[in-house]
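In what follows, a structure is listed as C-alpha cells, so that the remarks can point back to it.
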Amino acid sequence: MPTKVDSHAQAASSAVTKTLKPPFQPLPYLLLLPSLAIIFIIEFYPFINGVSFSFHKGTLLGTGAFVGLNNYLRLFNSASFYNSLWFSFIFAFFNVLVSYVLGLALALFLNMDFPGRGFCRVALLVPWIVPAVVSIVSWKWLIADKGGLVNIILGSFGVGPIYFLSDSGWAMVAVIVIKIWRSFPFMMLSLLAALQVIDKSLYEAVKIDGANRWQAFWNITMPHIKNISIIQAILMIIWSINDFETPFLLTQGGPSSATENLILLSYRYTFGRNDVGLGSAVAILTLILLMALSTVMMRQQAKGA
Amino acid sequence: MEAFGLLADLVKNHDVYPAAAGYSNEDAVSAFSQGKGALFLNNPGLSGRLPKIADKIGLVQPLVGPHGDKGTIFWVNNIMLYKQGKHPAETKIFLAWWSEHEKDLWTKGHNTQLPVRKSFAADPYFQGNAETKFILDNYVPVAKTTATHATEIFPKLNDVEGEGALQSLSQSLLQGKDVNSSVKTAADRLKSVLED
C-alpha cells in the first residue's frame, strides 16, 4: 500500500524530472543532416532506383515501361536463374565452411607461442592482401593445362592433366578453392583476435578439473568465439554471394554457365542482354535472400547470447 | 544441327583439344603460337601478331558447309554522326575531311584490319601482301555481318552471339556433352532472350 509520504515523494520526484528535462535542441539534428543526406544519396537512392528498375522494362538507354512483377516472373521461369542460385549456394556454403575450419585451425596454431609466429601471421595474410586481379591471374597460371605448376606436379605422379577451367565440374571446384584461398585469412585474423582475449586461467582451471584438450576447446574456446563466428559467417555469406571478381576473372561464369553466380547473372542480363529490369530483379532477389539469411543467423546469435 | 553434330564428332574423335572449352581468345592464340593447334579461326592480321611463326602460317579457303555453301562472318566498324550533337554540320565537314585523308592510316602499317573501301583495298599495300590479298579475294566476297538479315537494332545480340547462348552451347559441345540436351538448353536460353 503506498503511503501518503510515498505519494508526496513521487510528486516531488516527478516535478524535479519535469524541471530537469532539457528543452528540445535542434542543433544536433541539424548537424546530422549532412551525413544523413550523404547516406541517403549513396545508399538509399541507388537502392530505391534499383527496386524501381526491377519493375520496369528498362534498357541501358532508358527506364522503359512499368511491367509490375513481370521481371520476377520471368526469373522464376528461367533455368539460368536456378542454375545461378544453385551455384551461389554451393559457392557460399563451401567458402564459409572451409574458410571457417581452416581459419580456426590456423588461428589456434598462431595463438600458440613458437619461434617465427610473427612471420607466419604476416605470411598467412598475403592471400587476403594481394589484389584480386593479381591473385586470380596467378592462379590461372598455376592451374593452366599446359605449363601450369599444379598440372606439372600432378603429372610427376602420373595424374592428369586436369583441365581445371575447361570442365564444368572442375571449374566449380577451382573457383570455390580460389575463393577459399582469398577468404580464409580474414576469418583467421578475426578468430585469432577473439582467441587472444580468452582468459588463460580458464584453461588452467579445466585442466585441474581433469579436462582434456578437446573438452577445453569445446567448453571454453567455442563459447567464447561463438558470437564472432556467427558474425564472420554472415559476412562471409554476403561476400561470397556478392562476389563478382573471382568467377568473372577466372571463367566469366563458364564453361556453359557452370560458375555463373547471381551477381554474374545480374551483370549478364544488364550489360550483355541490355535488360536492366531483369538484371535489377536478380539483384533485388539476391538482396532479399541475403537479408533473410542474415536475419536467421542474427536471431540464432541472439538466442545463444 | 549438322554443324553441332560435326563439332561433337570432332570432340569425340579427340580432334579438338580437351581444354578448348575454357580457353579465351588469348589462350587460343598462345596455344596456336606454340604449335599446339593445327587449325585456328581468327581475324586478319594474326601473322602480324605472331612474327616468330609468321612464315609457318598459311590460310585455307573459307569453310564449306555440309550442303556446299561457303561463307564466313565479318564485323564492320562504322562511323556515326549524331543528329542531336552540338555541332552536327561541323562534324559532317570533319567526317568528309577524314574520309579524304584516312588512306594513310590504312596503307602505312597503322592498322591490322581490312578496309571496307574498295579503293583502299586495291592499293598495292593490300594487293602486294599475299595474306591480305587472299582474304580480300576469297573471304570478303562470301562474308556476311551478324546483322545481314536484321531489319532493326537488336540490343540483346551480345547475349546470343558474344558471351551468351552460342558461347555456352559451344562450351557444352567442346566438353563432349550430349548434343540434343546442349541444343535444348541453348534454345531455351535463346527463347528467354527473345522474350519480351
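Starting from 1 in every chain, residues are counted up; chains themselves are A, B, ... following the order of the C-alpha cells, and ligands are numbered from 1 as listed.
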Chain B contacts to chain A at 9 Å (only C-alpha atoms) as a ChimeraX atom specification: /B:18-24,31,155-160,162-165,167-172,174-175,185,188-189,192-193,196
Go ahead and save the residues from that selection, with N, CA and C atoms, as a short mmCIF file (atom, residue, chain, number, x, y, z; two decimals), in the first residue's frame.
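This is the output file result-v1.cif:
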```
data_model
loop_
_atom_site.label_atom_id
_atom_site.label_comp_id
_atom_site.auth_asym_id
_atom_site.auth_seq_id
_atom_site.Cartn_x
_atom_site.Cartn_y
_atom_site.Cartn_z
N PRO B 18 41.17 -30.90 -75.50
CA PRO B 18 40.18 -31.01 -74.42
C PRO B 18 40.01 -29.74 -73.59
N ALA B 19 41.06 -28.90 -73.53
CA ALA B 19 40.96 -27.69 -72.69
C ALA B 19 40.28 -26.55 -73.43
N ALA B 20 39.92 -26.77 -74.70
CA ALA B 20 39.41 -25.66 -75.53
C ALA B 20 38.19 -24.98 -74.92
N ALA B 21 37.36 -25.73 -74.20
CA ALA B 21 36.12 -25.15 -73.66
C ALA B 21 36.39 -23.99 -72.71
N GLY B 22 37.53 -24.00 -72.06
CA GLY B 22 37.82 -22.94 -71.09
C GLY B 22 38.76 -21.88 -71.63
N TYR B 23 39.07 -21.98 -72.93
CA TYR B 23 40.04 -21.05 -73.49
C TYR B 23 39.43 -19.69 -73.83
N SER B 24 40.17 -18.63 -73.52
CA SER B 24 39.84 -17.31 -74.04
C SER B 24 40.54 -17.20 -75.39
N ALA B 31 48.26 -20.93 -77.57
CA ALA B 31 48.42 -22.36 -77.91
C ALA B 31 48.81 -22.53 -79.38
N PRO B 155 19.37 -5.05 -79.41
CA PRO B 155 20.32 -4.76 -78.33
C PRO B 155 20.74 -5.98 -77.51
N LYS B 156 20.01 -7.09 -77.66
CA LYS B 156 20.36 -8.27 -76.86
C LYS B 156 21.34 -9.19 -77.59
N LEU B 157 21.90 -8.70 -78.71
CA LEU B 157 22.77 -9.55 -79.53
C LEU B 157 23.89 -10.19 -78.72
N ASN B 158 24.47 -9.42 -77.79
CA ASN B 158 25.61 -9.94 -77.04
C ASN B 158 25.24 -11.17 -76.21
N ASP B 159 23.98 -11.27 -75.82
CA ASP B 159 23.57 -12.44 -75.04
C ASP B 159 23.27 -13.63 -75.93
N VAL B 160 23.29 -13.39 -77.24
CA VAL B 160 23.11 -14.50 -78.18
C VAL B 160 24.47 -14.93 -78.73
N GLY B 162 27.74 -12.99 -78.50
CA GLY B 162 29.00 -12.63 -77.88
C GLY B 162 29.40 -13.55 -76.75
N GLU B 163 28.95 -13.20 -75.55
CA GLU B 163 29.28 -14.02 -74.39
C GLU B 163 28.05 -14.79 -73.93
N GLY B 164 27.15 -15.05 -74.84
CA GLY B 164 25.86 -15.60 -74.43
C GLY B 164 25.61 -17.03 -74.82
N ALA B 165 24.41 -17.25 -75.37
CA ALA B 165 23.91 -18.60 -75.59
C ALA B 165 24.82 -19.43 -76.50
N GLN B 167 28.06 -19.09 -77.08
CA GLN B 167 29.31 -19.43 -76.40
C GLN B 167 29.08 -20.58 -75.42
N SER B 168 27.97 -20.49 -74.70
CA SER B 168 27.65 -21.53 -73.73
C SER B 168 27.42 -22.87 -74.43
N LEU B 169 26.73 -22.80 -75.58
CA LEU B 169 26.49 -24.03 -76.35
C LEU B 169 27.81 -24.62 -76.84
N SER B 170 28.69 -23.76 -77.38
CA SER B 170 29.99 -24.25 -77.87
C SER B 170 30.77 -24.91 -76.73
N GLN B 171 30.72 -24.29 -75.54
CA GLN B 171 31.47 -24.85 -74.41
C GLN B 171 30.91 -26.21 -74.00
N SER B 172 29.59 -26.35 -74.08
CA SER B 172 28.99 -27.66 -73.76
C SER B 172 29.46 -28.72 -74.75
N LEU B 174 32.11 -28.62 -76.64
CA LEU B 174 33.55 -28.86 -76.53
C LEU B 174 33.90 -29.72 -75.31
N GLN B 175 32.99 -29.75 -74.34
CA GLN B 175 33.20 -30.63 -73.18
C GLN B 175 32.72 -32.05 -73.46
N THR B 185 19.10 -26.73 -74.17
CA THR B 185 19.42 -25.67 -73.19
C THR B 185 19.64 -24.34 -73.90
N ASP B 188 16.35 -22.94 -75.18
CA ASP B 188 15.56 -22.33 -74.10
C ASP B 188 16.09 -20.94 -73.75
N ARG B 189 17.42 -20.85 -73.74
CA ARG B 189 18.03 -19.56 -73.39
C ARG B 189 17.75 -18.53 -74.48
N SER B 192 14.35 -17.29 -74.11
CA SER B 192 14.26 -16.32 -73.00
C SER B 192 14.82 -14.96 -73.43
N VAL B 193 15.88 -14.98 -74.25
CA VAL B 193 16.46 -13.71 -74.74
C VAL B 193 15.47 -12.97 -75.62
N ASP B 196 9.72 -10.94 -74.69
CA ASP B 196 9.53 -9.52 -74.37
C ASP B 196 8.64 -9.35 -73.16
#
```
Filtered DSSP result for stretch 11-153 of chain B, state strand (DSSP E), as a PyMOL selection string: chain B and resi 72-73+143-144
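Excluding B:Lys103 and any residue on its chain fewer than 3 positions from it, the residues at most 10 Å away by only C-alpha atoms are Trp98, Ser99, Glu100, Trp106, Thr107, Lys108, Pro115, Arg117, Ser119, Phe120 and Asp123 of chain B.
Excluding A:Trp86 and any residue on its chain fewer than 2 positions from it, the residues at most 10 Å away by only C-alpha atoms are Ser80, Phe81, Tyr82, Asn83, Ser84, Ser88, Phe89, Ile90, Phe91, Ala92, Ala258, Thr259, Glu260, Asn261 and Leu262 of chain A.
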Pull N, CA, C and O atoms from the residues just selected and write them as a PDB file, in the first residue's frame.
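Done, and the output landed in again27.pdb:
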```pdb
ATOM      1  N   SER A  80      18.354 -20.383 -66.149  1.00  0.00           N
ATOM      2  CA  SER A  80      19.604 -19.687 -65.811  1.00  0.00           C
ATOM      3  C   SER A  80      19.571 -19.188 -64.368  1.00  0.00           C
ATOM      4  O   SER A  80      20.583 -19.229 -63.663  1.00  0.00           O
ATOM      5  N   PHE A  81      18.398 -18.711 -63.932  1.00  0.00           N
ATOM      6  CA  PHE A  81      18.275 -18.179 -62.574  1.00  0.00           C
ATOM      7  C   PHE A  81      18.505 -19.288 -61.543  1.00  0.00           C
ATOM      8  O   PHE A  81      19.270 -19.121 -60.590  1.00  0.00           O
ATOM      9  N   TYR A  82      17.864 -20.447 -61.760  1.00  0.00           N
ATOM     10  CA  TYR A  82      18.018 -21.536 -60.793  1.00  0.00           C
ATOM     11  C   TYR A  82      19.438 -22.088 -60.814  1.00  0.00           C
ATOM     12  O   TYR A  82      19.981 -22.476 -59.776  1.00  0.00           O
ATOM     13  N   ASN A  83      20.037 -22.106 -62.009  1.00  0.00           N
ATOM     14  CA  ASN A  83      21.429 -22.550 -62.118  1.00  0.00           C
ATOM     15  C   ASN A  83      22.342 -21.621 -61.309  1.00  0.00           C
ATOM     16  O   ASN A  83      23.214 -22.071 -60.556  1.00  0.00           O
ATOM     17  N   SER A  84      22.122 -20.307 -61.428  1.00  0.00           N
ATOM     18  CA  SER A  84      22.951 -19.334 -60.709  1.00  0.00           C
ATOM     19  C   SER A  84      22.696 -19.389 -59.207  1.00  0.00           C
ATOM     20  O   SER A  84      23.617 -19.253 -58.409  1.00  0.00           O
ATOM     21  N   SER A  88      25.500 -20.207 -56.549  1.00  0.00           N
ATOM     22  CA  SER A  88      25.747 -19.237 -55.472  1.00  0.00           C
ATOM     23  C   SER A  88      25.690 -19.930 -54.116  1.00  0.00           C
ATOM     24  O   SER A  88      26.502 -19.652 -53.226  1.00  0.00           O
ATOM     25  N   PHE A  89      24.727 -20.852 -53.969  1.00  0.00           N
ATOM     26  CA  PHE A  89      24.572 -21.575 -52.709  1.00  0.00           C
ATOM     27  C   PHE A  89      25.793 -22.461 -52.442  1.00  0.00           C
ATOM     28  O   PHE A  89      26.383 -22.417 -51.357  1.00  0.00           O
ATOM     29  N   ILE A  90      26.178 -23.239 -53.457  1.00  0.00           N
ATOM     30  CA  ILE A  90      27.339 -24.139 -53.317  1.00  0.00           C
ATOM     31  C   ILE A  90      28.592 -23.318 -53.011  1.00  0.00           C
ATOM     32  O   ILE A  90      29.391 -23.654 -52.138  1.00  0.00           O
ATOM     33  N   PHE A  91      28.751 -22.248 -53.762  1.00  0.00           N
ATOM     34  CA  PHE A  91      29.925 -21.370 -53.641  1.00  0.00           C
ATOM     35  C   PHE A  91      30.011 -20.799 -52.221  1.00  0.00           C
ATOM     36  O   PHE A  91      31.053 -20.868 -51.569  1.00  0.00           O
ATOM     37  N   ALA A  92      28.890 -20.270 -51.722  1.00  0.00           N
ATOM     38  CA  ALA A  92      28.882 -19.656 -50.387  1.00  0.00           C
ATOM     39  C   ALA A  92      29.046 -20.723 -49.307  1.00  0.00           C
ATOM     40  O   ALA A  92      29.801 -20.539 -48.354  1.00  0.00           O
ATOM     41  N   ALA A 258      28.494 -22.876 -65.828  1.00  0.00           N
ATOM     42  CA  ALA A 258      28.652 -23.707 -64.620  1.00  0.00           C
ATOM     43  C   ALA A 258      29.061 -22.874 -63.410  1.00  0.00           C
ATOM     44  O   ALA A 258      28.755 -23.232 -62.273  1.00  0.00           O
ATOM     45  N   THR A 259      29.764 -21.781 -63.616  1.00  0.00           N
ATOM     46  CA  THR A 259      30.244 -20.981 -62.472  1.00  0.00           C
ATOM     47  C   THR A 259      29.620 -19.579 -62.491  1.00  0.00           C
ATOM     48  O   THR A 259      30.228 -18.623 -62.018  1.00  0.00           O
ATOM     49  N   GLU A 260      28.416 -19.515 -63.031  1.00  0.00           N
ATOM     50  CA  GLU A 260      27.728 -18.213 -63.088  1.00  0.00           C
ATOM     51  C   GLU A 260      26.908 -18.034 -61.811  1.00  0.00           C
ATOM     52  O   GLU A 260      25.904 -18.729 -61.617  1.00  0.00           O
ATOM     53  N   ASN A 261      27.329 -17.127 -60.945  1.00  0.00           N
ATOM     54  CA  ASN A 261      26.544 -16.886 -59.724  1.00  0.00           C
ATOM     55  C   ASN A 261      25.514 -15.781 -59.980  1.00  0.00           C
ATOM     56  O   ASN A 261      25.410 -15.248 -61.096  1.00  0.00           O
ATOM     57  N   LEU A 262      24.749 -15.435 -58.953  1.00  0.00           N
ATOM     58  CA  LEU A 262      23.658 -14.467 -59.140  1.00  0.00           C
ATOM     59  C   LEU A 262      24.170 -13.105 -59.590  1.00  0.00           C
ATOM     60  O   LEU A 262      23.525 -12.427 -60.393  1.00  0.00           O
TER      61      LEU A 262
END
```
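Between B:Leu46 and the residues B:Thr148, B:Asn78, B:Ser30, B:Thr72, the shortest atom-to-atom distance, using only C-alpha atoms, involves B:Ser30.
Distances from A:Phe55, A:Phe87, A:Tyr100, A:Phe93 to A:Pro185 were compared using only C-alpha atoms, and the smallest one belongs to A:Tyr100.
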DSSP on the backbone, alpha helix (DSSP H) only: what residues of stretch 26-253 of chain A does that give? Format it as an MDAnalysis selection string. chainID A and resid 26:39 45:54 70:76 79:110 117:123 126:129 132:142 149:156 168:196 200:208 213:216 222:241 245:251
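Rounded to one decimal, atom CA of A:Gly64 and atom CA of A:Ser52 lie 10.8 Å from each other.
Between B:Gly109 and the residues B:Gly35, B:Gly85, B:Gly65, B:Gly45, the shortest atom-to-atom distance, using only C-alpha atoms, involves B:Gly45.
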